[in-house]
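A.B. asks: As input, take run_4.cif (mmCIF, C-alpha atoms, pLDDT in the B column; chains and numbers go by the auth columns):
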```
data_run
#
loop_
_atom_site.group_PDB
_atom_site.id
_atom_site.type_symbol
_atom_site.label_atom_id
_atom_site.label_comp_id
_atom_site.label_asym_id
_atom_site.label_seq_id
_atom_site.Cartn_x
_atom_site.Cartn_y
_atom_site.Cartn_z
_atom_site.B_iso_or_equiv
_atom_site.auth_seq_id
_atom_site.auth_asym_id
ATOM 1 C CA MET A 1 -1.406 -12.833 -13.123 40.00 1 A
ATOM 2 C CA SER A 2 -1.437 -9.596 -15.144 41.00 2 A
ATOM 3 C CA ALA A 3 1.404 -7.243 -16.005 36.00 3 A
ATOM 4 C CA LEU A 4 0.858 -5.637 -12.613 43.00 4 A
ATOM 5 C CA SER A 5 3.115 -8.276 -11.113 37.00 5 A
ATOM 6 C CA GLU A 6 6.758 -7.291 -10.844 39.00 6 A
ATOM 7 C CA PRO A 7 9.645 -9.741 -10.543 35.00 7 A
ATOM 8 C CA ALA A 8 8.894 -11.672 -7.390 37.00 8 A
ATOM 9 C CA ARG A 9 11.269 -11.505 -4.485 41.00 9 A
ATOM 10 C CA THR A 10 11.401 -14.345 -1.962 42.00 10 A
ATOM 11 C CA MET A 11 11.807 -13.296 1.637 43.00 11 A
ATOM 12 C CA GLN A 12 15.108 -14.437 3.111 40.00 12 A
ATOM 13 C CA ALA A 13 14.150 -13.864 6.749 37.00 13 A
ATOM 14 C CA ALA A 14 11.097 -12.871 8.749 40.00 14 A
ATOM 15 C CA GLY A 15 10.161 -9.294 7.996 48.00 15 A
ATOM 16 C CA ARG A 16 13.319 -8.559 6.037 55.00 16 A
ATOM 17 C CA GLY A 17 12.600 -6.158 3.216 78.00 17 A
ATOM 18 C CA LEU A 18 8.889 -6.001 3.986 87.00 18 A
ATOM 19 C CA GLU A 19 6.952 -2.754 4.190 92.00 19 A
ATOM 20 C CA ARG A 20 3.297 -2.030 4.788 96.00 20 A
ATOM 21 C CA HIS A 21 1.223 -2.215 1.592 97.00 21 A
ATOM 22 C CA MET A 22 3.562 -4.723 -0.095 97.00 22 A
ATOM 23 C CA LEU A 23 1.907 -7.731 -1.748 98.00 23 A
ATOM 24 C CA VAL A 24 2.300 -11.316 -0.558 97.00 24 A
ATOM 25 C CA TRP A 25 1.284 -14.544 -2.303 97.00 25 A
ATOM 26 C CA LEU A 26 0.785 -17.618 -0.134 97.00 26 A
ATOM 27 C CA SER A 27 1.781 -21.170 -0.951 97.00 27 A
ATOM 28 C CA GLU A 28 -0.687 -24.044 -0.927 97.00 28 A
ATOM 29 C CA ALA A 29 0.392 -24.837 2.627 96.00 29 A
ATOM 30 C CA GLY A 30 -0.131 -21.204 3.568 96.00 30 A
ATOM 31 C CA TRP A 31 -3.696 -21.180 2.301 97.00 31 A
ATOM 32 C CA GLN A 32 -4.440 -24.448 4.066 96.00 32 A
ATOM 33 C CA ALA A 33 -3.199 -22.957 7.330 95.00 33 A
ATOM 34 C CA VAL A 34 -5.293 -19.826 6.804 96.00 34 A
ATOM 35 C CA MET A 35 -8.410 -21.877 6.095 96.00 35 A
ATOM 36 C CA ARG A 36 -7.993 -23.911 9.267 95.00 36 A
ATOM 37 C CA VAL A 37 -8.429 -20.828 11.458 94.00 37 A
ATOM 38 C CA ALA A 38 -10.700 -18.727 9.220 95.00 38 A
ATOM 39 C CA GLU A 39 -14.141 -17.595 10.295 95.00 39 A
ATOM 40 C CA PRO A 40 -16.861 -19.433 8.351 95.00 40 A
ATOM 41 C CA ARG A 41 -18.144 -16.150 6.871 94.00 41 A
ATOM 42 C CA HIS A 42 -14.723 -15.481 5.326 96.00 42 A
ATOM 43 C CA LYS A 43 -14.051 -18.862 3.750 96.00 43 A
ATOM 44 C CA ALA A 44 -15.782 -18.155 0.424 96.00 44 A
ATOM 45 C CA ALA A 45 -13.636 -15.053 -0.119 96.00 45 A
ATOM 46 C CA LEU A 46 -10.455 -16.869 0.899 97.00 46 A
ATOM 47 C CA THR A 47 -11.271 -19.733 -1.475 97.00 47 A
ATOM 48 C CA LEU A 48 -11.732 -17.211 -4.294 97.00 48 A
ATOM 49 C CA TRP A 49 -8.409 -15.514 -3.488 97.00 49 A
ATOM 50 C CA GLN A 50 -6.561 -18.810 -3.478 97.00 50 A
ATOM 51 C CA GLY A 51 -8.197 -19.979 -6.690 97.00 51 A
ATOM 52 C CA GLN A 52 -7.360 -16.750 -8.508 97.00 52 A
ATOM 53 C CA ASP A 53 -3.833 -16.531 -7.027 96.00 53 A
ATOM 54 C CA TRP A 54 -4.480 -13.022 -5.753 98.00 54 A
ATOM 55 C CA PRO A 55 -2.191 -11.502 -3.123 98.00 55 A
ATOM 56 C CA ALA A 56 -2.793 -10.331 0.411 98.00 56 A
ATOM 57 C CA VAL A 57 -1.340 -7.055 1.668 98.00 57 A
ATOM 58 C CA VAL A 58 1.319 -6.567 4.333 97.00 58 A
ATOM 59 C CA ARG A 59 -0.043 -4.776 7.401 97.00 59 A
ATOM 60 C CA ARG A 60 1.471 -3.648 10.679 96.00 60 A
ATOM 61 C CA VAL A 61 2.720 -6.532 12.796 95.00 61 A
ATOM 62 C CA ASP A 62 0.435 -7.653 15.632 95.00 62 A
ATOM 63 C CA ILE A 63 1.998 -7.094 19.031 94.00 63 A
ATOM 64 C CA ASP A 64 1.780 -10.813 19.845 94.00 64 A
ATOM 65 C CA ALA A 65 3.015 -12.077 16.466 93.00 65 A
ATOM 66 C CA PRO A 66 6.105 -14.312 16.636 93.00 66 A
ATOM 67 C CA PRO A 67 9.094 -13.351 14.479 91.00 67 A
ATOM 68 C CA ASP A 68 8.524 -16.205 12.035 92.00 68 A
ATOM 69 C CA GLU A 69 5.092 -14.885 10.999 94.00 69 A
ATOM 70 C CA VAL A 70 3.981 -12.126 8.659 96.00 70 A
ATOM 71 C CA CYS A 71 0.773 -10.180 9.276 97.00 71 A
ATOM 72 C CA LEU A 72 -1.462 -9.618 6.268 98.00 72 A
ATOM 73 C CA GLY A 73 -4.746 -8.000 5.333 97.00 73 A
ATOM 74 C CA LEU A 74 -7.206 -9.091 2.692 97.00 74 A
ATOM 75 C CA PRO A 75 -9.622 -6.225 1.933 96.00 75 A
ATOM 76 C CA LEU A 76 -12.877 -7.269 0.270 96.00 76 A
ATOM 77 C CA PRO A 77 -14.868 -5.088 -2.152 95.00 77 A
ATOM 78 C CA PRO A 78 -17.606 -2.941 -0.584 93.00 78 A
ATOM 79 C CA ASP A 79 -20.886 -4.788 -0.139 86.00 79 A
ATOM 80 C CA GLU A 80 -23.152 -3.943 -3.077 81.00 80 A
ATOM 81 C CA GLU A 81 -26.153 -3.234 -0.844 79.00 81 A
ATOM 82 C CA THR A 82 -24.730 -1.818 2.374 82.00 82 A
ATOM 83 C CA GLY A 83 -21.370 -0.477 1.242 78.00 83 A
ATOM 84 C CA GLU A 84 -19.743 -2.282 4.191 87.00 84 A
ATOM 85 C CA LYS A 85 -16.016 -2.817 3.796 90.00 85 A
ATOM 86 C CA VAL A 86 -14.626 -6.025 5.291 93.00 86 A
ATOM 87 C CA ARG A 87 -10.906 -6.459 5.853 95.00 87 A
ATOM 88 C CA ILE A 88 -9.819 -9.971 6.794 97.00 88 A
ATOM 89 C CA SER A 89 -6.745 -10.137 9.017 96.00 89 A
ATOM 90 C CA LEU A 90 -4.395 -13.044 8.333 95.00 90 A
ATOM 91 C CA ARG A 91 -1.131 -14.402 9.634 95.00 91 A
ATOM 92 C CA ALA A 92 1.207 -16.696 7.765 95.00 92 A
ATOM 93 C CA GLN A 93 4.471 -18.437 8.453 95.00 93 A
ATOM 94 C CA VAL A 94 7.382 -17.001 6.529 93.00 94 A
ATOM 95 C CA ALA A 95 7.930 -20.465 5.074 93.00 95 A
ATOM 96 C CA GLU A 96 4.379 -20.341 3.662 95.00 96 A
ATOM 97 C CA VAL A 97 5.044 -17.219 1.574 95.00 97 A
ATOM 98 C CA SER A 98 5.750 -18.129 -2.037 95.00 98 A
ATOM 99 C CA ARG A 99 6.595 -14.624 -3.322 95.00 99 A
ATOM 100 C CA THR A 100 6.344 -10.930 -2.581 96.00 100 A
ATOM 101 C CA SER A 101 6.166 -7.740 -4.608 96.00 101 A
ATOM 102 C CA PRO A 102 6.168 -3.997 -3.970 96.00 102 A
ATOM 103 C CA ALA A 103 2.867 -2.161 -4.073 97.00 103 A
ATOM 104 C CA VAL A 104 1.211 -1.672 -7.470 97.00 104 A
ATOM 105 C CA GLU A 105 2.722 0.930 -9.789 97.00 105 A
ATOM 106 C CA LEU A 106 0.370 3.802 -10.589 98.00 106 A
ATOM 107 C CA ARG A 107 1.210 3.452 -14.261 96.00 107 A
ATOM 108 C CA SER A 108 0.155 -0.200 -14.290 96.00 108 A
ATOM 109 C CA ALA A 109 -3.215 0.510 -12.695 97.00 109 A
ATOM 110 C CA LEU A 110 -4.470 3.431 -14.796 97.00 110 A
ATOM 111 C CA ARG A 111 -6.930 1.259 -16.705 95.00 111 A
ATOM 112 C CA SER A 112 -8.666 0.579 -13.365 94.00 112 A
ATOM 113 C CA ALA A 113 -8.961 4.247 -12.370 95.00 113 A
ATOM 114 C CA GLY A 114 -12.584 4.664 -13.415 91.00 114 A
ATOM 115 C CA PRO A 115 -13.661 8.323 -13.710 93.00 115 A
ATOM 116 C CA TRP A 116 -10.213 9.495 -12.610 95.00 116 A
ATOM 117 C CA ARG A 117 -8.333 7.736 -15.391 96.00 117 A
ATOM 118 C CA GLU A 118 -7.638 10.839 -17.481 96.00 118 A
ATOM 119 C CA ALA A 119 -6.596 12.967 -14.495 96.00 119 A
ATOM 120 C CA LEU A 120 -4.407 10.200 -13.065 97.00 120 A
ATOM 121 C CA THR A 121 -2.798 9.620 -16.459 97.00 121 A
ATOM 122 C CA THR A 122 -1.761 13.271 -16.404 97.00 122 A
ATOM 123 C CA LEU A 123 -0.465 12.891 -12.839 97.00 123 A
ATOM 124 C CA GLU A 124 1.529 9.792 -13.776 97.00 124 A
ATOM 125 C CA ARG A 125 3.045 11.543 -16.778 96.00 125 A
ATOM 126 C CA GLU A 126 4.132 14.528 -14.683 96.00 126 A
ATOM 127 C CA THR A 127 5.502 12.343 -11.889 95.00 127 A
ATOM 128 C CA ALA A 128 7.078 9.562 -13.966 94.00 128 A
ATOM 129 C CA HIS A 129 10.489 10.359 -12.433 93.00 129 A
ATOM 130 C CA LEU A 130 9.040 9.726 -8.960 95.00 130 A
ATOM 131 C CA HIS A 131 7.805 6.161 -9.683 94.00 131 A
ATOM 132 C CA LEU A 132 4.553 6.516 -7.738 97.00 132 A
ATOM 133 C CA ARG A 133 2.755 3.435 -6.444 98.00 133 A
ATOM 134 C CA ILE A 134 -0.746 2.950 -5.087 98.00 134 A
ATOM 135 C CA TYR A 135 -2.547 0.962 -2.427 97.00 135 A
ATOM 136 C CA GLY A 136 -6.113 0.732 -1.206 96.00 136 A
ATOM 137 C CA SER A 137 -9.231 0.496 -3.361 96.00 137 A
ATOM 138 C CA MET A 138 -7.701 1.337 -6.730 97.00 138 A
ATOM 139 C CA ALA A 139 -4.834 -1.101 -6.219 97.00 139 A
ATOM 140 C CA MET A 140 -7.164 -3.942 -5.255 97.00 140 A
ATOM 141 C CA GLN A 141 -9.432 -3.224 -8.216 97.00 141 A
ATOM 142 C CA ALA A 142 -6.423 -3.349 -10.534 97.00 142 A
ATOM 143 C CA LEU A 143 -5.152 -6.591 -9.002 97.00 143 A
ATOM 144 C CA THR A 144 -8.441 -8.487 -8.929 97.00 144 A
ATOM 145 C CA GLY A 145 -10.785 -6.876 -11.434 96.00 145 A
ATOM 146 C CA LEU A 146 -13.439 -6.685 -8.707 96.00 146 A
ATOM 147 C CA LEU A 147 -15.320 -3.435 -8.087 95.00 147 A
ATOM 148 C CA TYR A 148 -13.663 -1.558 -5.216 96.00 148 A
ATOM 149 C CA LEU A 149 -13.800 2.076 -6.310 94.00 149 A
ATOM 150 C CA THR A 150 -16.881 4.094 -5.374 91.00 150 A
ATOM 151 C CA PRO A 151 -17.688 7.796 -5.849 89.00 151 A
ATOM 152 C CA THR A 152 -16.334 8.433 -2.339 90.00 152 A
ATOM 153 C CA SER A 153 -13.091 6.464 -2.731 93.00 153 A
ATOM 154 C CA ASP A 154 -9.702 8.069 -2.208 96.00 154 A
ATOM 155 C CA ILE A 155 -6.780 7.344 -4.517 97.00 155 A
ATOM 156 C CA ASP A 156 -4.024 6.261 -2.131 98.00 156 A
ATOM 157 C CA ILE A 157 -0.558 7.159 -3.408 98.00 157 A
ATOM 158 C CA LEU A 158 2.765 5.748 -2.169 97.00 158 A
ATOM 159 C CA PHE A 159 5.737 8.011 -2.787 95.00 159 A
ATOM 160 C CA HIS A 160 9.347 6.907 -2.027 96.00 160 A
ATOM 161 C CA PRO A 161 11.523 10.028 -2.407 97.00 161 A
ATOM 162 C CA ARG A 162 15.223 9.460 -2.985 94.00 162 A
ATOM 163 C CA SER A 163 16.297 13.000 -2.133 95.00 163 A
ATOM 164 C CA GLN A 164 14.956 16.137 -0.486 95.00 164 A
ATOM 165 C CA GLU A 165 14.506 17.630 -3.938 95.00 165 A
ATOM 166 C CA GLU A 166 12.279 14.719 -4.975 95.00 166 A
ATOM 167 C CA LEU A 167 10.372 15.031 -1.709 96.00 167 A
ATOM 168 C CA HIS A 168 9.556 18.702 -2.239 95.00 168 A
ATOM 169 C CA ASP A 169 8.793 18.180 -5.914 96.00 169 A
ATOM 170 C CA GLY A 170 6.502 15.232 -5.207 96.00 170 A
ATOM 171 C CA VAL A 171 4.523 16.938 -2.447 97.00 171 A
ATOM 172 C CA ALA A 172 4.045 20.004 -4.646 97.00 172 A
ATOM 173 C CA LEU A 173 2.776 17.898 -7.553 97.00 173 A
ATOM 174 C CA LEU A 174 0.428 15.848 -5.375 97.00 174 A
ATOM 175 C CA SER A 175 -0.922 19.018 -3.775 97.00 175 A
ATOM 176 C CA ARG A 176 -1.655 20.554 -7.154 97.00 176 A
ATOM 177 C CA HIS A 177 -3.415 17.466 -8.514 97.00 177 A
ATOM 178 C CA ALA A 178 -5.355 16.960 -5.270 97.00 178 A
ATOM 179 C CA THR A 179 -7.431 20.010 -6.160 96.00 179 A
ATOM 180 C CA HIS A 180 -9.324 17.903 -8.712 94.00 180 A
ATOM 181 C CA VAL A 181 -8.553 14.262 -7.824 96.00 181 A
ATOM 182 C CA PRO A 182 -9.295 12.711 -4.381 97.00 182 A
ATOM 183 C CA LEU A 183 -5.644 11.961 -3.622 98.00 183 A
ATOM 184 C CA ASP A 184 -4.475 10.607 -0.297 98.00 184 A
ATOM 185 C CA GLY A 185 -1.607 8.370 0.737 98.00 185 A
ATOM 186 C CA GLU A 186 1.856 8.325 2.216 98.00 186 A
ATOM 187 C CA ILE A 187 5.449 9.405 1.774 98.00 187 A
ATOM 188 C CA VAL A 188 7.708 6.449 2.582 97.00 188 A
ATOM 189 C CA PHE A 189 11.117 7.441 3.919 96.00 189 A
ATOM 190 C CA PRO A 190 14.058 5.004 4.087 94.00 190 A
ATOM 191 C CA GLY A 191 13.452 2.076 6.399 91.00 191 A
ATOM 192 C CA GLY A 192 9.725 2.032 5.676 93.00 192 A
ATOM 193 C CA GLN A 193 8.917 5.139 7.748 96.00 193 A
ATOM 194 C CA ALA A 194 5.588 6.272 6.290 97.00 194 A
ATOM 195 C CA VAL A 195 3.984 9.682 6.792 98.00 195 A
ATOM 196 C CA SER A 196 0.752 11.031 5.338 98.00 196 A
ATOM 197 C CA TRP A 197 1.841 13.383 2.573 97.00 197 A
ATOM 198 C CA LYS A 198 -0.908 15.806 3.584 97.00 198 A
ATOM 199 C CA GLU A 199 0.324 15.812 7.187 96.00 199 A
ATOM 200 C CA TRP A 200 3.873 16.343 5.941 97.00 200 A
ATOM 201 C CA ARG A 201 2.773 19.322 3.861 95.00 201 A
ATOM 202 C CA MET A 202 1.126 20.905 6.906 94.00 202 A
ATOM 203 C CA ALA A 203 4.194 20.209 9.046 94.00 203 A
ATOM 204 C CA MET A 204 6.379 22.033 6.540 89.00 204 A
ATOM 205 C CA ASP A 205 4.152 25.107 6.835 84.00 205 A
ATOM 206 C CA ASN A 206 3.895 24.817 10.627 81.00 206 A
ATOM 207 C CA PRO A 207 6.887 22.792 11.904 76.00 207 A
ATOM 208 C CA ALA A 208 5.807 19.929 14.131 83.00 208 A
ATOM 209 C CA ARG A 209 6.366 16.266 14.723 93.00 209 A
ATOM 210 C CA VAL A 210 4.495 13.896 12.439 97.00 210 A
ATOM 211 C CA ILE A 211 2.933 10.470 12.876 97.00 211 A
ATOM 212 C CA VAL A 212 5.176 7.776 11.393 98.00 212 A
ATOM 213 C CA LYS A 213 3.746 4.354 10.613 97.00 213 A
ATOM 214 C CA GLU A 214 6.187 1.461 10.361 95.00 214 A
ATOM 215 C CA LEU A 215 5.871 -2.295 10.087 95.00 215 A
ATOM 216 C CA HIS A 216 6.236 -2.739 13.852 93.00 216 A
ATOM 217 C CA ALA A 217 5.125 0.559 15.364 94.00 217 A
ATOM 218 C CA VAL A 218 3.404 3.930 15.145 96.00 218 A
ATOM 219 C CA ARG A 219 5.303 6.859 16.663 96.00 219 A
ATOM 220 C CA LEU A 220 5.823 10.608 16.579 96.00 220 A
ATOM 221 C CA VAL A 221 8.977 11.782 14.788 95.00 221 A
ATOM 222 C CA ASP A 222 10.357 15.253 14.148 93.00 222 A
ATOM 223 C CA THR A 223 10.550 16.241 10.508 94.00 223 A
ATOM 224 C CA ALA A 224 14.269 17.094 10.685 92.00 224 A
ATOM 225 C CA SER A 225 15.232 13.504 11.474 92.00 225 A
ATOM 226 C CA LEU A 226 13.197 12.234 8.540 94.00 226 A
ATOM 227 C CA LEU A 227 14.773 14.783 6.201 94.00 227 A
ATOM 228 C CA ALA A 228 18.185 13.638 7.409 94.00 228 A
ATOM 229 C CA THR A 229 17.483 10.110 6.144 94.00 229 A
ATOM 230 C CA LEU A 230 17.324 11.542 2.622 94.00 230 A
ATOM 231 C CA GLU A 231 20.457 13.635 3.048 71.00 231 A
ATOM 232 C CA GLU A 232 22.433 10.551 3.953 53.00 232 A
ATOM 233 C CA ARG A 233 21.501 8.594 0.834 50.00 233 A
#
```
Render the structure in this file as structure tokens.

C.D. replies:
Amino acid sequence: MSALSEPARTMQAAGRGLERHMLVWLSEAGWQAVMRVAEPRHKAALTLWQGQDWPAVVRRVDIDAPPDEVCLGLPLPPDEETGEKVRISLRAQVAEVSRTSPAVELRSALRSAGPWREALTTLERETAHLHLRIYGSMAMQALTGLLYLTPTSDIDILFHPRSQEELHDGVALLSRHATHVPLDGEIVFPGGQAVSWKEWRMAMDNPARVIVKELHAVRLVDTASLLATLEER
């Protein structure tokens, strides 16, 4: 695939090292298993994905999923006529995963940013020390070359702060650029604890618990405990 791919990392155990929004490539056996249970209306898209060696995206684990399976999503481009967005839910055996990668780097996807390319190039330059990543429509457009971005699309940012200083700096920068770019997305704390950066910003102004999304759960967490995960690093 393109330079968007980073060095692949093979999973050593079910779920180990996985986070939501990571990318997963299936083996031939994995695709065969997916096809056996796929809805007829999805098979053309799945055949295209397999033929192009495009990845699926890690999503939250289904409550009934066994520990030897990974839960994935395959978002399709908006329908040209209706604008409908279809997201195919998949499951795969860990043994059927050929490689994995973190979410797409913002820097690597700038050429797919459409009308926001110049503004996002400026954002990337100012936040280079934060190593921002993306998911959602812009990431899928960069990975596949298909048309995902529309005039109403958000640019979904993933931000993994390594310290409280980086956290505050990153939220401030995203807030400033969000005045002229439709930025959205998540702060990812250690252990894959993800919080909307906009919700975090509001919680800092008006202290409250925030919604944390993890691979296996969604829960309310107080901001102090999340800040403590950065202090300990």

A.B. asks: Distance atom CA of Gly185 of chain A-atom CA of Glu124 of chain A, one decimal place?

C.D. replies: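 Pair atom CA of Gly185 of chain A / atom CA of Glu124 of chain A returns 14.9 Å.
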
A.B. asks: Expand the PyMOL selection byres ((chain A and resi 76-80) around 10) into the explicit residue set it covers here, and present it as an NGL selection string.

C.D. replies: :A and (42 or 45-46 or 73-75 or 81-88 or 137 or 140-141 or 144 or 146-150)

A.B. asks: Would you work out the distance separating atom CA of Ser196 of chain A from atom CA of Asp184 of chain A, expressed in Å to one decimal?

C.D. replies: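 Spanning atom CA of Ser196 of chain A to atom CA of Asp184 of chain A is a straight-line distance of 7.7 Å.
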
A.B. asks: Considering only C-alpha atoms, can you say which of A:Leu183, A:Glu39, A:Asp62, A:Asp68 comes closest to Val218 of chain A?

C.D. replies: A:Asp62

A.B. asks: Check which residues satisfy the PyMOL selection byres ((chain A and resi 224) around 12) in the file shown, then give them as a PDB file with C-alpha atoms, in the coordinates of the input.

C.D. replies:
```pdb
ATOM      1  CA  GLN A 164      14.956  16.137  -0.486  1.00 95.00           C
ATOM      2  CA  TRP A 200       3.873  16.343   5.941  1.00 97.00           C
ATOM      3  CA  ALA A 203       4.194  20.209   9.046  1.00 94.00           C
ATOM      4  CA  MET A 204       6.379  22.033   6.540  1.00 89.00           C
ATOM      5  CA  PRO A 207       6.887  22.792  11.904  1.00 76.00           C
ATOM      6  CA  ALA A 208       5.807  19.929  14.131  1.00 83.00           C
ATOM      7  CA  ARG A 209       6.366  16.266  14.723  1.00 93.00           C
ATOM      8  CA  VAL A 210       4.495  13.896  12.439  1.00 97.00           C
ATOM      9  CA  VAL A 221       8.977  11.782  14.788  1.00 95.00           C
ATOM     10  CA  ASP A 222      10.357  15.253  14.148  1.00 93.00           C
ATOM     11  CA  THR A 223      10.550  16.241  10.508  1.00 94.00           C
ATOM     12  CA  SER A 225      15.232  13.504  11.474  1.00 92.00           C
ATOM     13  CA  LEU A 226      13.197  12.234   8.540  1.00 94.00           C
ATOM     14  CA  LEU A 227      14.773  14.783   6.201  1.00 94.00           C
ATOM     15  CA  ALA A 228      18.185  13.638   7.409  1.00 94.00           C
ATOM     16  CA  THR A 229      17.483  10.110   6.144  1.00 94.00           C
ATOM     17  CA  LEU A 230      17.324  11.542   2.622  1.00 94.00           C
ATOM     18  CA  GLU A 231      20.457  13.635   3.048  1.00 71.00           C
TER      19      GLU A 231
END
```
